[in-house]
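For reference, the structure discussed in these notes is given below.
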Amino acid sequence: FSAAGFDERHAGPLYLQLQRRIAEAVATGQLGPGDSLPPERDMAAMTGLSRVTVRKAVEGLVAQGQLVQRRGSGTFVAPQVERLEQALSLLTSFTEDMARRGKSVESIWLSRALHVPSPEEVMALGLGAGDRVARIERVRRSDGVPLAIERASLPPDVLPDPAEVDTSLYAVLHLRGLRPVRAVQRISAANLSARDADLLGVASGAAGLKIERIGYLRSGRVVEFTRSLYRGDAYDFAVELKLPS
Ligand code: 16G
């Protein structure tokens with residue numbers, strides 16, 4: 001970045017001009033996904049702009065999701081995520097989906113315990129008075145990239161010890177003979193709240209897909225009620241359609 005070309009009088013606010021320069025550097029490949037930006041003080045010296053202006057420009061691009069900031073290590077061009085195509089008609093688990101693609105699975109745990117159920121959980125799981133609910137909430141990541149936030153609720157007898165789930169919920173349910181064999185899934189659009197966007201490493205308000213899955217045993221009993229938020233920039237859901245008979 002050089003000092004040349006900044007024009008306070010005709011080209012709009014200086015921080016916007018700097019934002020355009022940074023965006024151009026990314027668009028032309030001078031800066032690639034994951035590359036680091038010079039420290040604020042160096043950028044100010046290079047461009048002749050004040051540190052306040054540099055900070056404002058960088059903060060704006062961070063809020064838009066074009067740059068990411070990591071405490072202690074600096075500012076980087078946001079890594080691009082590879083889009084994943086996910087079949088909608090198969091009842092598979094996140095772990096299985098990633099294993100099939102040869103990818104790793106990591107969870108960041110938000111909660112893994114028995115709770116007093118919400119009215120929504122009582123309804124969805126058909127819980128009785130005084131029943132608790134097993135709740136496991138996690139950020140699901142693959143190869144280090146956060147892809148979804150999943151909040152799964154299960155009847156307490158299906159998962160008496162939620163801390164038992166380490167990687168795969170379905171693997172634990174399978175061992176107990178309680179893996180769902182059928183599920184109903186609903187998908188709707190959602191703009192991610194600041195907190196959820198932060199957990200997923202995207203800009204606040206970014207597009208997400210809200211997915212609700214209700215999983216059933218062969219007997220018709222509900223064993224899983226899961227609400228998930230998937231990153232809109234990372235998933236394509238695909239399903240094969242047939243003519244109605
Ligand atoms: C999938 C399911 C989720 C299920 C999880 C189990 C969707 C939207 N969600 O992510 O309902 O709880 O798999 O995965 O597909 P696990 O066995 O890897 O824990």
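Every chain in the structure tokens takes a letter, A first, then B, and so on in the order presented; its residues are numbered from 1, and the ligands are numbered from 1 following the presented order.
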Need the shell around segment 147-155 of chain A: protein/DNA/RNA residues with any atom at most 9 Å away, counting only C-alpha atoms. Skip same-chain ones fewer than 5 positions apart. Format as an MDAnalysis selection string?
chainID A and resid 111 117 121 125:127 131:142 160 196 199:200 213 222:231 234:235
Export N, CA and C atoms of the chosen residues as a tab-separated table (two decimals), in the first residue's frame?
chain	number	residue	atom	x	y	z
A	111	SER	N	-22.27	-27.05	25.25
A	111	SER	CA	-22.98	-27.64	26.39
A	111	SER	C	-23.14	-29.13	26.15
A	117	PRO	N	-36.25	-29.02	30.53
A	117	PRO	CA	-36.59	-28.78	29.12
A	117	PRO	C	-37.40	-27.50	28.90
A	121	GLU	N	-39.11	-28.28	23.66
A	121	GLU	CA	-38.49	-29.61	23.78
A	121	GLU	C	-39.49	-30.63	24.34
A	125	LEU	N	-40.30	-33.81	21.94
A	125	LEU	CA	-39.82	-35.12	22.38
A	125	LEU	C	-40.87	-35.91	23.16
A	126	GLY	N	-42.02	-35.30	23.39
A	126	GLY	CA	-43.08	-35.97	24.15
A	126	GLY	C	-42.64	-36.30	25.57
A	127	LEU	N	-41.98	-35.33	26.22
A	127	LEU	CA	-41.45	-35.57	27.57
A	127	LEU	C	-42.58	-35.52	28.60
A	131	ASP	N	-39.54	-34.70	33.66
A	131	ASP	CA	-38.43	-35.24	32.87
A	131	ASP	C	-37.40	-34.15	32.60
A	132	ARG	N	-36.16	-34.54	32.57
A	132	ARG	CA	-35.14	-33.61	32.10
A	132	ARG	C	-34.87	-33.91	30.62
A	133	VAL	N	-34.02	-33.10	30.03
A	133	VAL	CA	-33.70	-33.29	28.62
A	133	VAL	C	-32.18	-33.32	28.47
A	134	ALA	N	-31.70	-34.22	27.62
A	134	ALA	CA	-30.26	-34.27	27.34
A	134	ALA	C	-30.00	-33.30	26.19
A	135	ARG	N	-29.12	-32.35	26.44
A	135	ARG	CA	-28.85	-31.34	25.42
A	135	ARG	C	-27.37	-31.36	25.07
A	136	ILE	N	-27.07	-31.47	23.78
A	136	ILE	CA	-25.67	-31.32	23.38
A	136	ILE	C	-25.60	-30.23	22.32
A	137	GLU	N	-24.77	-29.25	22.62
A	137	GLU	CA	-24.65	-28.10	21.73
A	137	GLU	C	-23.19	-27.93	21.34
A	138	ARG	N	-22.96	-27.84	20.06
A	138	ARG	CA	-21.56	-27.74	19.63
A	138	ARG	C	-21.43	-27.02	18.31
A	139	VAL	N	-20.25	-26.48	18.09
A	139	VAL	CA	-19.89	-25.94	16.78
A	139	VAL	C	-19.21	-27.09	16.07
A	140	ARG	N	-19.72	-27.44	14.91
A	140	ARG	CA	-19.15	-28.55	14.16
A	140	ARG	C	-18.16	-28.02	13.15
A	141	ARG	N	-16.96	-28.54	13.21
A	141	ARG	CA	-15.91	-28.07	12.31
A	141	ARG	C	-15.36	-29.24	11.52
A	142	SER	N	-14.85	-28.92	10.35
A	142	SER	CA	-14.19	-29.95	9.56
A	142	SER	C	-12.91	-29.36	9.00
A	160	PRO	N	-28.69	-40.84	28.76
A	160	PRO	CA	-28.65	-40.49	30.19
A	160	PRO	C	-27.40	-39.70	30.56
A	196	ASP	N	-23.80	-16.07	16.97
A	196	ASP	CA	-23.68	-17.25	16.12
A	196	ASP	C	-22.68	-17.02	14.99
A	199	LEU	N	-19.28	-17.49	16.32
A	199	LEU	CA	-18.95	-18.92	16.49
A	199	LEU	C	-18.60	-19.57	15.16
A	200	LEU	N	-19.20	-19.07	14.07
A	200	LEU	CA	-18.97	-19.66	12.75
A	200	LEU	C	-17.88	-18.93	11.96
A	213	ARG	N	-34.20	-31.00	12.60
A	213	ARG	CA	-34.37	-32.43	12.29
A	213	ARG	C	-35.07	-33.12	13.46
A	222	VAL	N	-39.91	-40.42	18.98
A	222	VAL	CA	-38.94	-39.37	18.65
A	222	VAL	C	-37.72	-39.50	19.56
A	223	VAL	N	-36.54	-39.61	18.96
A	223	VAL	CA	-35.32	-39.71	19.78
A	223	VAL	C	-34.41	-38.49	19.63
A	224	GLU	N	-34.68	-37.66	18.64
A	224	GLU	CA	-33.78	-36.53	18.42
A	224	GLU	C	-34.57	-35.32	17.94
A	225	PHE	N	-34.28	-34.18	18.53
A	225	PHE	CA	-34.85	-32.91	18.07
A	225	PHE	C	-33.67	-31.95	17.99
A	226	THR	N	-33.23	-31.70	16.77
A	226	THR	CA	-31.99	-30.92	16.59
A	226	THR	C	-32.24	-29.66	15.78
A	227	ARG	N	-31.78	-28.55	16.32
A	227	ARG	CA	-31.85	-27.29	15.59
A	227	ARG	C	-30.42	-26.90	15.24
A	228	SER	N	-30.20	-26.68	13.96
A	228	SER	CA	-28.85	-26.36	13.51
A	228	SER	C	-28.83	-25.07	12.71
A	229	LEU	N	-27.69	-24.44	12.72
A	229	LEU	CA	-27.46	-23.30	11.84
A	229	LEU	C	-26.25	-23.62	11.00
A	230	TYR	N	-26.47	-23.74	9.71
A	230	TYR	CA	-25.37	-24.04	8.79
A	230	TYR	C	-24.94	-22.77	8.08
A	231	ARG	N	-23.68	-22.69	7.77
A	231	ARG	CA	-23.17	-21.53	7.04
A	231	ARG	C	-23.71	-21.51	5.62
A	234	ALA	N	-21.21	-22.14	2.78
A	234	ALA	CA	-20.45	-23.39	2.75
A	234	ALA	C	-21.27	-24.59	2.27
A	235	TYR	N	-22.57	-24.46	2.19
A	235	TYR	CA	-23.40	-25.63	1.88
A	235	TYR	C	-24.31	-25.45	0.68
Which parts of segment 23-222 of chain A does DSSP call strand (DSSP E) when run on the backbone here, written out as a PyMOL selection string?
chain A and resi 67-70+74-77+84-87+106-115+133-142+145-154+182-191+207-216+222
For ligand 1, which residue among A:Asp157, A:Asp7, A:Asp166, A:Glu59 is the nearest when counting only C-alpha atoms and all ligand atoms?
A:Asp166
Using backbone DSSP assignments, extract all alpha helix (DSSP H) residues from segment 4-244 of chain A; output them as a PyMOL selection string.
chain A and resi 14-27+40-47+51-63+94-100+119-125+169-175+194-200
Distance query Pro39 of chain A at most 10 Å, only C-alpha atoms, self and fewer than 6 positions along chain excluded, as a PyMOL selection string
chain A and resi 54+73-75
How would the residues just picked look written out with N, CA and C atoms as a compact mmCIF listing (two decimals), in the first residue's frame?
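So part-v4.txt came out as:
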# COMPACT_ATOMS: atom_id res chain seq x y z
N VAL A 54 -7.02 3.92 9.53
CA VAL A 54 -6.66 2.55 9.17
C VAL A 54 -7.51 1.57 9.97
N SER A 73 -2.34 -12.39 16.86
CA SER A 73 -1.56 -12.72 15.67
C SER A 73 -1.85 -11.83 14.48
N GLY A 74 -2.85 -10.95 14.56
CA GLY A 74 -3.03 -9.96 13.51
C GLY A 74 -4.28 -10.10 12.68
N THR A 75 -4.22 -9.48 11.50
CA THR A 75 -5.38 -9.41 10.61
C THR A 75 -5.06 -10.16 9.31
Between A:Leu241, A:Leu209, A:Val116, A:Ala190, which one has atoms that come closest to ligand 1, using only C-alpha atoms and all ligand atoms?
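Selected residue with least distance to ligand 1: A:Leu209.
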Across A:Ala113, A:Leu88, A:Ile22, A:Val145, the smallest distance to Val165 of chain A, with only C-alpha atoms counted, is shown by A:Ala113
What's around Ala197 of chain A at 10 Å? Count only C-alpha atoms, leave out sequence neighbours fewer than 3 positions away in its own chain, and write the answer as a ChimeraX atom specification.
/A:65,149,191-194,200-208,229,231
Have a look at atom CA of Trp109 of chain A and atom CA of Gly232 of chain A and let me know their distance in Å, one decimal.
21.4 Å
Given only C-alpha atoms and all ligand atoms as the basis, pick out the residue of A:Arg100, A:Ser93, A:Ser107, A:Val172 nearest to ligand 1.
A:Ser93
Here is a test: counting only C-alpha atoms and all ligand atoms, which residue of A:Val181, A:Met98, A:Met46, A:Leu159 is nearest to ligand 1?
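Comparing A:Val181, A:Met98, A:Met46, A:Leu159 against ligand 1, the winner is A:Met98.
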